[in-house]
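Structure file target-v6.txt (compact mmCIF, C-alpha atoms and all ligand atoms) follows.
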```txt
# COMPACT_ATOMS: atom_id res chain seq x y z
CA MET A 1 0.00 0.00 0.00
CA PRO A 2 1.45 3.39 -0.93
CA VAL A 3 1.71 5.79 1.97
CA ILE A 4 -0.21 8.98 1.27
CA ASN A 5 1.25 11.96 3.04
CA ASN A 6 -1.25 14.75 3.55
CA PRO A 7 0.35 18.13 2.96
CA PRO A 8 0.98 19.97 6.22
CA PRO A 9 -1.77 22.50 7.05
CA PHE A 10 -1.07 26.02 5.83
CA ARG A 11 0.18 28.14 8.71
CA PRO A 12 0.26 31.85 7.95
CA SER A 13 3.32 33.75 9.09
CA SER A 14 4.56 37.33 9.08
CA PRO A 15 5.76 39.23 7.17
CA ASP A 16 3.48 37.83 4.43
CA HIS A 17 0.54 37.63 6.83
CA LEU A 18 -0.64 39.78 9.71
CA GLN A 19 -3.42 39.61 12.22
CA MET A 20 -5.63 42.64 12.67
CA SER A 21 -8.15 43.64 15.31
CA LEU A 22 -11.76 42.90 14.54
CA ALA A 23 -12.44 46.65 14.55
CA ALA A 24 -9.69 47.13 11.94
CA ALA A 25 -11.13 44.32 9.80
CA MET A 26 -14.53 46.04 9.97
CA THR A 27 -12.99 49.39 9.03
CA LEU A 28 -11.35 47.80 5.98
CA LYS A 29 -14.67 46.08 5.15
CA LEU A 30 -13.07 42.67 5.48
CA LYS A 31 -15.66 41.83 8.16
CA GLU A 32 -19.28 42.89 8.38
CA GLY A 33 -20.72 44.70 11.34
CA LEU A 34 -21.13 47.93 13.21
CA PHE A 35 -19.92 48.86 16.64
CA TYR A 36 -22.21 49.72 19.51
CA ARG A 37 -23.18 53.43 19.46
CA GLN A 38 -21.59 53.73 16.00
CA ALA A 39 -18.09 53.80 17.46
CA ARG A 40 -15.45 54.06 14.75
CA LEU A 41 -11.81 53.15 14.69
CA TYR A 42 -9.20 55.47 13.20
CA CYS A 43 -6.07 53.36 13.57
CA LEU A 44 -5.32 50.14 11.73
CA ASN A 45 -4.06 47.88 14.52
CA LEU A 46 -1.94 45.07 13.08
CA LEU A 47 -0.20 42.25 14.92
CA LEU A 48 2.73 40.14 13.74
CA THR A 49 1.91 36.46 13.68
CA TYR A 50 4.04 33.30 13.64
CA PRO A 51 3.01 29.63 13.63
CA ASP A 52 5.07 28.99 16.75
CA GLY A 53 3.48 31.95 18.50
CA CYS A 54 4.69 34.42 21.06
CA ARG A 55 7.54 33.39 23.37
CA GLY A 56 6.10 35.44 26.20
CA ASN A 57 3.97 33.97 28.97
CA CYS A 58 2.22 36.99 30.49
CA SER A 59 -0.46 35.97 32.95
CA TYR A 60 -3.16 38.32 31.64
CA CYS A 61 -2.63 37.89 27.90
CA GLY A 62 -4.57 35.64 25.56
CA LEU A 63 -1.45 34.97 23.47
CA GLN A 64 0.57 33.36 26.26
CA LYS A 65 2.50 30.31 25.09
CA SER A 66 1.39 27.99 27.90
CA ARG A 67 -2.23 28.31 26.82
CA ASP A 68 -3.72 25.49 24.72
CA GLY A 69 -4.78 26.16 21.14
CA SER A 70 -3.31 27.36 17.88
CA PHE A 71 -1.72 30.78 18.02
CA THR A 72 -3.90 32.42 15.39
CA GLU A 73 -7.09 31.31 17.19
CA LYS A 74 -6.08 32.92 20.46
CA SER A 75 -7.79 36.17 21.30
CA PHE A 76 -5.96 39.31 22.29
CA ILE A 77 -7.36 42.26 24.24
CA ARG A 78 -10.87 40.82 24.29
CA VAL A 79 -11.51 40.38 20.59
CA SER A 80 -10.55 37.95 17.86
CA TRP A 81 -7.72 39.00 15.57
CA PRO A 82 -8.35 37.53 12.10
CA THR A 83 -5.37 36.89 9.81
CA TYR A 84 -4.99 38.31 6.27
CA ASP A 85 -2.23 38.35 3.71
CA LEU A 86 -0.17 41.50 3.40
CA GLU A 87 -1.15 42.32 -0.18
CA THR A 88 -4.85 42.26 0.73
CA ILE A 89 -4.21 44.45 3.78
CA ILE A 90 -2.29 47.04 1.75
CA GLN A 91 -4.92 47.07 -1.01
CA LYS A 92 -7.83 47.40 1.44
CA THR A 93 -6.01 50.07 3.42
CA LEU A 94 -5.54 52.12 0.25
CA GLU A 95 -9.25 51.76 -0.56
CA ASN A 96 -10.24 52.90 2.94
CA ARG A 97 -7.41 55.30 3.61
CA HIS A 98 -9.82 58.23 4.13
CA ARG A 99 -11.20 56.49 7.25
CA LEU A 100 -7.80 56.08 8.91
CA HIS A 101 -5.28 58.38 10.57
CA ARG A 102 -2.64 55.91 11.72
CA ILE A 103 -1.28 52.38 11.38
CA CYS A 104 0.09 50.47 14.36
CA LEU A 105 2.36 47.46 14.01
CA SER A 106 2.50 45.36 17.17
CA MET A 107 5.47 43.08 17.56
CA ILE A 108 5.30 39.86 19.54
CA THR A 109 8.17 38.06 21.23
CA HIS A 110 9.71 36.22 18.32
CA PRO A 111 13.26 36.15 16.90
CA ARG A 112 12.07 37.41 13.50
CA ALA A 113 9.87 40.20 14.82
CA LEU A 114 12.33 43.09 14.48
CA GLU A 115 13.51 42.29 10.95
CA ASP A 116 9.94 41.76 9.73
CA THR A 117 8.74 44.95 11.44
CA LEU A 118 11.41 47.02 9.67
CA MET A 119 10.37 45.60 6.32
CA LEU A 120 6.67 46.22 7.07
CA ILE A 121 7.28 49.83 8.14
CA ARG A 122 9.01 50.50 4.83
CA ARG A 123 6.24 48.94 2.77
CA PHE A 124 3.41 50.73 4.60
CA ARG A 125 5.28 54.03 4.52
CA GLU A 126 6.01 53.81 0.79
CA GLU A 127 2.72 52.31 -0.36
CA VAL A 128 0.14 53.73 2.06
CA GLY A 129 1.72 56.84 3.55
CA LEU A 130 -0.16 56.99 6.88
CA PRO A 131 1.77 57.77 10.11
CA ILE A 132 3.07 54.55 11.64
CA SER A 133 3.38 53.58 15.31
CA VAL A 134 5.23 50.51 16.47
CA LEU A 135 4.29 48.73 19.66
CA MET A 136 7.72 47.26 20.27
CA ASN A 137 8.67 44.05 21.93
CA PRO A 138 11.75 44.96 23.99
CA THR A 139 12.70 41.33 24.63
CA SER A 140 13.36 40.87 20.89
CA MET A 141 15.35 44.13 20.70
CA GLN A 142 18.41 46.05 21.85
CA THR A 143 18.17 49.74 22.72
CA ALA A 144 20.18 50.55 19.56
CA ASP A 145 17.40 49.01 17.43
CA VAL A 146 15.01 51.84 18.34
CA ALA A 147 16.82 54.19 15.96
CA ALA A 148 16.42 51.66 13.13
CA LEU A 149 12.63 51.77 13.56
CA LYS A 150 12.67 55.55 13.24
CA GLN A 151 15.00 55.41 10.24
CA ALA A 152 12.71 52.93 8.54
CA GLY A 153 9.89 55.47 8.84
CA ALA A 154 8.05 54.89 12.15
CA GLN A 155 6.65 58.16 13.49
CA MET A 156 5.94 56.97 17.06
CA ALA A 157 6.87 53.96 19.16
CA ALA A 158 5.58 52.48 22.38
CA VAL A 159 6.55 49.93 24.99
CA ALA A 160 3.94 47.81 26.76
CA LEU A 161 5.39 47.93 30.26
CA ASP A 162 1.86 47.11 31.49
CA LEU A 163 2.76 46.86 35.20
CA ALA A 164 3.37 49.68 37.66
CA ASP A 165 6.52 48.30 39.27
CA GLU A 166 9.24 45.70 38.99
CA ALA A 167 7.78 43.25 41.52
CA LEU A 168 4.41 43.11 39.73
CA PHE A 169 6.17 42.94 36.37
CA ASP A 170 8.19 39.91 37.53
CA ARG A 171 5.08 38.25 38.93
CA HIS A 172 2.97 38.64 35.78
CA ARG A 173 5.53 38.70 32.96
CA GLY A 174 8.94 37.65 34.23
CA ALA A 175 10.32 34.98 36.54
CA GLY A 176 6.92 34.46 38.20
CA THR A 177 5.47 33.08 34.96
CA GLY A 178 8.59 31.51 33.47
CA GLY A 179 8.42 34.32 30.89
CA PRO A 180 11.47 35.96 29.29
CA HIS A 181 10.69 39.63 29.96
CA ARG A 182 12.80 41.83 32.27
CA PHE A 183 11.62 45.09 33.77
CA ASP A 184 14.98 46.89 33.55
CA HIS A 185 15.28 46.17 29.85
CA TYR A 186 11.73 47.41 29.18
CA TRP A 187 12.44 50.64 31.05
CA ALA A 188 15.78 51.12 29.27
CA LEU A 189 14.06 50.67 25.92
CA LEU A 190 11.32 53.15 26.80
CA THR A 191 13.98 55.67 27.87
CA ALA A 192 15.82 55.19 24.58
CA THR A 193 12.54 55.54 22.65
CA ALA A 194 11.75 58.87 24.31
CA GLU A 195 15.25 60.11 23.39
CA VAL A 196 15.18 58.87 19.80
CA PHE A 197 11.59 59.79 18.88
CA GLY A 198 11.34 62.99 20.95
CA LYS A 199 8.77 64.56 23.24
CA ASN A 200 5.24 63.12 23.03
CA LYS A 201 6.31 60.63 20.37
CA ALA A 202 6.95 57.74 22.75
CA GLY A 203 4.24 55.83 24.57
CA CYS A 204 4.00 53.42 27.45
CA HIS A 205 1.10 50.98 27.80
CA LEU A 206 0.05 50.51 31.44
CA ILE A 207 -2.79 48.37 32.78
CA CYS A 208 -4.79 49.46 35.80
CA GLY A 209 -6.08 46.76 38.15
CA LEU A 210 -3.36 44.12 38.24
CA GLY A 211 -2.84 44.32 41.99
CA GLU A 212 -1.08 47.68 42.19
CA ARG A 213 -2.07 50.60 44.41
CA GLU A 214 -3.37 53.70 42.64
CA GLU A 215 -0.49 55.69 44.06
CA ASP A 216 2.09 53.33 42.56
CA LEU A 217 0.51 53.52 39.13
CA VAL A 218 0.30 57.31 39.33
CA GLN A 219 4.00 57.47 40.23
CA ARG A 220 4.79 55.30 37.22
CA ILE A 221 2.65 57.48 34.92
CA GLN A 222 4.59 60.50 36.22
CA ALA A 223 7.93 58.73 35.63
CA VAL A 224 6.85 58.03 32.04
CA ARG A 225 5.89 61.69 31.62
CA ASP A 226 9.22 62.80 33.06
CA LEU A 227 10.88 60.96 30.17
CA GLY A 228 8.79 63.09 27.77
CA ALA A 229 6.56 60.10 26.92
CA ARG A 230 2.86 59.52 27.52
CA THR A 231 0.88 56.67 29.01
CA HIS A 232 -1.69 54.70 27.04
CA LEU A 233 -3.86 53.39 29.84
CA PHE A 234 -5.89 50.19 29.86
CA SER A 235 -8.34 48.83 32.42
CA PHE A 236 -7.66 45.20 33.33
CA TYR A 237 -10.38 42.93 31.99
CA PRO A 238 -9.94 39.15 32.30
CA GLU A 239 -8.98 37.58 28.98
CA LYS A 240 -10.64 34.26 28.18
CA GLY A 241 -8.11 31.43 28.28
CA SER A 242 -5.43 33.44 30.10
CA ARG A 243 -4.22 32.49 33.55
CA LEU A 244 -6.13 35.47 34.96
CA ALA A 245 -9.38 34.48 33.19
CA GLU A 246 -11.21 34.26 36.53
CA ALA A 247 -9.69 37.37 38.10
CA PRO A 248 -12.00 40.35 38.72
CA ALA A 249 -11.95 43.26 36.26
CA CYS A 250 -10.48 46.53 37.50
CA PRO A 251 -13.06 48.28 39.74
CA GLU A 252 -14.67 51.21 37.94
CA GLY A 253 -13.86 53.81 40.60
CA GLN A 254 -10.18 52.84 40.64
CA PHE A 255 -9.92 53.12 36.86
CA ARG A 256 -11.75 56.45 36.68
CA ARG A 257 -9.44 58.01 39.29
CA VAL A 258 -6.30 56.75 37.54
CA GLN A 259 -7.69 57.83 34.13
CA LEU A 260 -8.20 61.34 35.48
CA ALA A 261 -4.73 61.45 37.04
CA ARG A 262 -3.16 60.21 33.79
CA PHE A 263 -4.89 62.89 31.77
CA LEU A 264 -3.74 65.64 34.13
CA ILE A 265 -0.16 64.37 34.24
CA ASP A 266 0.20 63.72 30.50
CA ASN A 267 -1.16 67.16 29.65
CA ASP A 268 1.13 68.81 32.22
CA LEU A 269 -1.90 70.09 34.18
CA SER A 270 -0.85 68.46 37.46
CA HIS A 271 2.00 66.45 38.92
CA SER A 272 2.10 63.39 41.16
CA ARG A 273 3.97 65.35 43.84
CA VAL A 274 0.99 67.69 44.36
CA MET A 275 -1.54 64.85 44.40
CA ALA A 276 -2.55 63.26 47.71
CA PHE A 277 -3.32 59.65 48.54
CA ASP A 278 -5.05 57.89 51.44
CA PRO A 279 -3.28 55.21 53.54
CA GLU A 280 -4.40 52.51 51.04
CA GLY A 281 -2.85 54.49 48.19
CA ARG A 282 -6.17 55.69 46.71
CA ILE A 283 -6.07 59.13 45.08
CA ARG A 284 -7.88 61.64 47.24
CA ASP A 285 -6.62 64.92 45.77
CA PHE A 286 -5.61 65.54 42.15
CA GLY A 287 -3.65 68.69 42.97
CA LEU A 288 -6.02 71.06 41.14
CA PRO A 289 -8.59 73.60 42.41
CA PRO A 290 -12.04 71.89 42.51
CA GLU A 291 -13.52 74.19 39.86
CA ASP A 292 -10.71 73.35 37.39
CA LEU A 293 -11.06 69.66 38.11
CA GLU A 294 -14.81 69.91 37.60
CA GLN A 295 -14.24 71.44 34.16
CA TRP A 296 -11.88 68.70 33.07
CA ILE A 297 -14.29 66.02 34.27
CA ALA A 298 -17.18 67.72 32.45
CA SER A 299 -15.13 67.80 29.24
CA GLY A 300 -15.16 63.97 29.22
CA ARG A 301 -11.67 63.95 27.71
CA PRO A 302 -9.91 62.22 30.62
CA PHE A 303 -12.16 59.18 30.16
CA MET A 304 -11.60 58.68 26.46
CA THR A 305 -9.14 56.09 25.16
CA SER A 306 -5.54 57.22 25.54
CA GLY A 307 -3.31 56.29 22.62
CA CYS A 308 -1.34 57.58 19.67
CA PRO A 309 -2.91 60.71 18.11
CA GLY A 310 -3.98 61.44 14.56
CA GLY A 311 -6.43 63.46 12.49
CA GLY A 312 -6.64 66.13 15.19
CA MET A 313 -7.76 63.53 17.75
CA GLU A 314 -5.95 62.94 21.03
CA ALA A 315 -6.12 59.22 20.22
CA ALA A 316 -6.63 58.03 16.67
CA CYS A 317 -5.95 54.66 18.25
CA ASN A 318 -9.22 54.47 20.16
CA ARG A 319 -9.55 50.64 20.32
CA PRO A 320 -13.36 50.48 20.67
CA PHE A 321 -14.35 48.39 23.71
CA GLY A 322 -10.84 46.95 23.96
CA ASP A 323 -10.75 47.09 27.76
CA GLY A 324 -14.36 46.58 28.77
CA PRO A 325 -17.72 45.54 27.33
CA PRO A 326 -20.10 48.10 25.77
CA SER A 327 -22.34 47.67 28.83
CA ALA A 328 -19.55 48.92 31.13
CA ILE A 329 -17.31 51.10 28.98
CA ARG A 330 -13.93 51.77 30.56
CA SER A 331 -12.08 53.76 27.85
CA PHE A 332 -14.58 55.73 25.77
CA PRO A 333 -13.84 55.42 22.03
CA PHE A 334 -15.97 58.54 21.44
CA GLN A 335 -16.89 61.70 23.31
CA PRO A 336 -18.85 60.65 26.43
CA GLU A 337 -22.41 61.99 26.46
CA GLU A 338 -24.34 63.57 29.34
CA GLU A 339 -25.57 60.22 30.68
CA ASP A 340 -22.07 58.76 30.47
CA LEU A 341 -20.71 61.72 32.41
CA ASP A 342 -23.30 61.31 35.16
CA ARG A 343 -22.23 57.69 35.54
CA ILE A 344 -18.54 58.60 35.46
CA LYS A 345 -19.08 61.16 38.26
CA GLU A 346 -20.83 58.52 40.34
CA GLN A 347 -17.95 56.11 39.75
CA LEU A 348 -15.48 58.79 40.77
CA GLY A 349 -17.52 59.60 43.87
CA TRP A 350 -17.48 63.16 42.54
CA GLY A 351 -19.80 65.48 44.43
CA ALA A 352 -20.13 63.08 47.39
CA PRO A 353 -19.60 64.73 50.78
S1 LIG A 401 -1.62 53.41 21.53
FE1 LIG A 401 -2.40 52.24 19.78
S2 LIG A 401 -1.23 53.03 18.01
FE2 LIG A 401 -0.11 53.64 19.84
S3 LIG A 401 1.36 52.00 20.18
FE3 LIG A 401 -0.45 51.52 21.44
S4 LIG A 401 -1.69 50.16 20.17
FE4 LIG A 401 -0.21 51.20 18.80
```

Go ahead and render the structure in this file as structure tokens.
Ligand code: SF4
Amino acid sequence: MPVINNPPPFRPSSPDHLQMSLAAAMTLKLKEGLFYRQARLYCLNLLLTYPDGCRGNCSYCGLQKSRDGSFTEKSFIRVSWPTYDLETIIQKTLENRHRLHRICLSMITHPRALEDTLMLIRRFREEVGLPISVLMNPTSMQTADVAALKQAGAQMAAVALDLADEALFDRHRGAGTGGPHRFDHYWALLTATAEVFGKNKAGCHLICGLGEREEDLVQRIQAVRDLGARTHLFSFYPEKGSRLAEAPACPEGQFRRVQLARFLIDNDLSHSRVMAFDPEGRIRDFGLPPEDLEQWIASGRPFMTSGCPGGGMEAACNRPFGDGPPSAIRSFPFQPEEEDLDRIKEQLGWGAP
């Protein structure tokens, strides 16, 4: 009997293939659907993909290597990330360019990630021409590589530090999980990014609600600002299939207070040293006269998604419902309305005696 060998299944890989957020696929009309309250996305969020997956093992992430399942089926920040070939993505981006203000390339922890990212930056810059951000993976990079990203044409770059301090970082991403990431290297890369890209062109992703005190996260946000960078803040929401799948989401009040502090710090309206905290580390004074604070709260801006700007928006990268369900919006992908603001004030305890 002849032995029939079935061909191995096709396994898409970057740089010829990329994953994209569901919102991005909808924006490019590769998927049908509308977002709740007509939210729209203005940044094409793309993710490198490899058959052998990400080498990281972060406790809160749906891509962690210890999780069962094929890499491309794993979800990431709450939504599925379908995979498309690069030529289709470029073609569809050109067709829908008027809807977009930015492209973001997210690296994962893989030995080929840097080389492929450099090639992808060049192609998107030459063929599409939108501003490009790179969400770097420091573990796959040296600090000297940051300049190569800029030379290739990236306009902004960010580091997903995610945790407020080294101990929490080790617990969720480093030695505590058997993962390869090291806090010092992440911080060194963020510092280099702020130097190479310049003021307000470097970003730091931080997640609120992973066991830190508000005060510790505020101090980290200030340290990021002191580098000339800005924080892109996320509310922790348990990712299906991750090791923290059963952990509680970040309490609303905690996130609202940290969102407000981040906005004030990143816009140089306040400073952590003039803020005050209670014995449990909760923010109890934002360092601003109450009438000024009231105005900023009423503007709704502090509660909108923080991310890379574009098209005159503070965050073209508004990741609709990326850190909470539509029924309990954490980062607003649009201007909050009157009813939203009433709820936000309740969550903040604003106006309470
Ligand atoms: S904020 Fe958005 S565009 Fe900027 S690096 Fe993060 S994911 Fe990318």

Taking only residues of chain A that have an atom at most 9 Å from an atom of ligand LIG 401 (chain A), what is each one's shortest atom pair and its distance in Å to one decimal, using only C-alpha atoms and all ligand atoms, in chain and number order, as CSV?
```
residue,atom,partner,partner_atom,distance
A:Cys43,CA,A:LIG401,S2,6.6
A:Leu44,CA,A:LIG401,S2,8.0
A:Asn45,CA,A:LIG401,S4,6.5
A:Leu46,CA,A:LIG401,FE4,8.6
A:Arg102,CA,A:LIG401,S2,7.1
A:Ile103,CA,A:LIG401,S2,6.7
A:Cys104,CA,A:LIG401,FE4,4.5
A:Leu105,CA,A:LIG401,FE4,6.6
A:Ser106,CA,A:LIG401,FE4,6.6
A:Ile132,CA,A:LIG401,S2,7.8
A:Ser133,CA,A:LIG401,S2,5.4
A:Val134,CA,A:LIG401,S3,5.6
A:Leu135,CA,A:LIG401,S3,4.4
A:Met136,CA,A:LIG401,S3,7.9
A:Met156,CA,A:LIG401,S3,7.4
A:Ala157,CA,A:LIG401,S3,5.9
A:Ala158,CA,A:LIG401,S3,4.8
A:Val159,CA,A:LIG401,S3,7.4
A:Ala160,CA,A:LIG401,FE3,7.8
A:Ala202,CA,A:LIG401,S3,8.4
A:Gly203,CA,A:LIG401,S3,6.5
A:Cys204,CA,A:LIG401,FE3,7.7
A:His205,CA,A:LIG401,FE3,6.6
A:Thr231,CA,A:LIG401,S1,8.5
A:His232,CA,A:LIG401,S1,5.7
A:Leu233,CA,A:LIG401,S1,8.6
A:Thr305,CA,A:LIG401,S1,8.8
A:Ser306,CA,A:LIG401,S1,6.8
A:Gly307,CA,A:LIG401,S1,3.5
A:Cys308,CA,A:LIG401,FE2,4.1
A:Pro309,CA,A:LIG401,FE2,7.8
A:Ala315,CA,A:LIG401,S1,7.5
A:Ala316,CA,A:LIG401,S2,7.5
A:Cys317,CA,A:LIG401,FE1,4.6
A:Asn318,CA,A:LIG401,FE1,7.2
A:Arg319,CA,A:LIG401,FE1,7.3
```

Near-Leu130 in chain A list (9 Å; all atoms listed in the file; drop same-chain fewer than 3 positions) as a PyMOL selection string
chain A and resi 97+100-103+124-125

Kindly give the distance, in Å, that separates CA of Pro289 in chain A and CA of Ala229 in chain A, rounded to a single decimal.
25.5 Å

Non-local contacts of Phe255 in chain A (7 Å; all atoms listed in the file; under 5 positions in same chain excluded) as JSON, numbers by chain:
{"A": [208, 235, 250]}

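Taking CA of Gly33 in chain A and CA of Ala245 in chain A as endpoints, the distance between them is 26.7 Å.
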
So which one's closest to His181 in chain A, A:Val274, A:Leu217, A:Ile108, A:Ala152? Using only C-alpha atoms, please.
A:Ile108

When you draw a straight line from CA of Ser270 in chain A to CA of Glu314 in chain A, how long is it in Å?
18.1 Å

Among A:Arg123, A:Leu86, A:Cys54, A:Gln38, Asp16 in chain A is approached most closely, using only C-alpha atoms, by A:Leu86

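Distance annotation: of A:Gly228, A:Gly241, A:Ala249, A:Gln254, the residue with the minimal separation from Asn267 in chain A is A:Gly228; atom set is all atoms listed in the file.
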
Would you list the residues near (1.4, 52.6, 46.0) (no more than 9 Å away, in the coordinates of the file, using all atoms listed in the file) as a list in words?
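Those residues lying close to the given coordinates are Glu212, Arg213, Glu214, Glu215, Asp216, Leu217, Val218, Gln219, Phe277, Glu280, Gly281 and Arg282 of chain A.
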
Range 338-351 of chain A: which residues within 8 Å, counting all atoms listed in the file, same-chain residues fewer than 5 positions away excluded, as a PDB file with C-alpha atoms, in the coordinates of the input?
```
ATOM      1  CA  GLU A 252     -14.670  51.210  37.940  1.00  0.00           C
ATOM      2  CA  GLY A 253     -13.860  53.810  40.600  1.00  0.00           C
ATOM      3  CA  GLN A 254     -10.180  52.840  40.640  1.00  0.00           C
ATOM      4  CA  ARG A 256     -11.750  56.450  36.680  1.00  0.00           C
ATOM      5  CA  ARG A 257      -9.440  58.010  39.290  1.00  0.00           C
ATOM      6  CA  ILE A 297     -14.290  66.020  34.270  1.00  0.00           C
ATOM      7  CA  ALA A 298     -17.180  67.720  32.450  1.00  0.00           C
ATOM      8  CA  GLY A 300     -15.160  63.970  29.220  1.00  0.00           C
TER       9      GLY A 300
END
```

Using only C-alpha atoms, find the one residue out of A:Gln335, A:Ser299, A:Thr83, A:Thr177 that sits nearest to Pro12 in chain A.
A:Thr83

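Candidate residues A:Tyr36, A:Lys150, A:Arg225, A:Gln142 were compared for distance to His185 in chain A, and the nearest is A:Gln142, using all atoms listed in the file.
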
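Nearest to Asp165 in chain A of all the residues A:Arg330, A:Arg182, A:Asp85, A:Arg301 is A:Arg182, counting only C-alpha atoms.
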
Which residues are near Ser13 in chain A? Cut-off 8 Å, only C-alpha atoms, ignore same chain within fewer than 3 positions. Put them as number ranges by chain.
A: 16-18, 48-51

Quick one: residues within 8 Å of Ala276 in chain A, all atoms listed in the file counted, chain neighbours fewer than 2 positions away excluded, as an mmCIF file with C-alpha atoms, in the coordinates of the input?
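Result went into part_18.cif, see below:
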```
data_model
loop_
_atom_site.group_PDB
_atom_site.id
_atom_site.type_symbol
_atom_site.label_atom_id
_atom_site.label_comp_id
_atom_site.auth_asym_id
_atom_site.auth_seq_id
_atom_site.Cartn_x
_atom_site.Cartn_y
_atom_site.Cartn_z
ATOM 1 C CA ARG A 273 3.970 65.350 43.840
ATOM 2 C CA VAL A 274 0.990 67.690 44.360
ATOM 3 C CA ASP A 278 -5.050 57.890 51.440
ATOM 4 C CA ILE A 283 -6.070 59.130 45.080
ATOM 5 C CA ARG A 284 -7.880 61.640 47.240
ATOM 6 C CA ASP A 285 -6.620 64.920 45.770
ATOM 7 C CA PHE A 286 -5.610 65.540 42.150
ATOM 8 C CA GLY A 287 -3.650 68.690 42.970
#
```
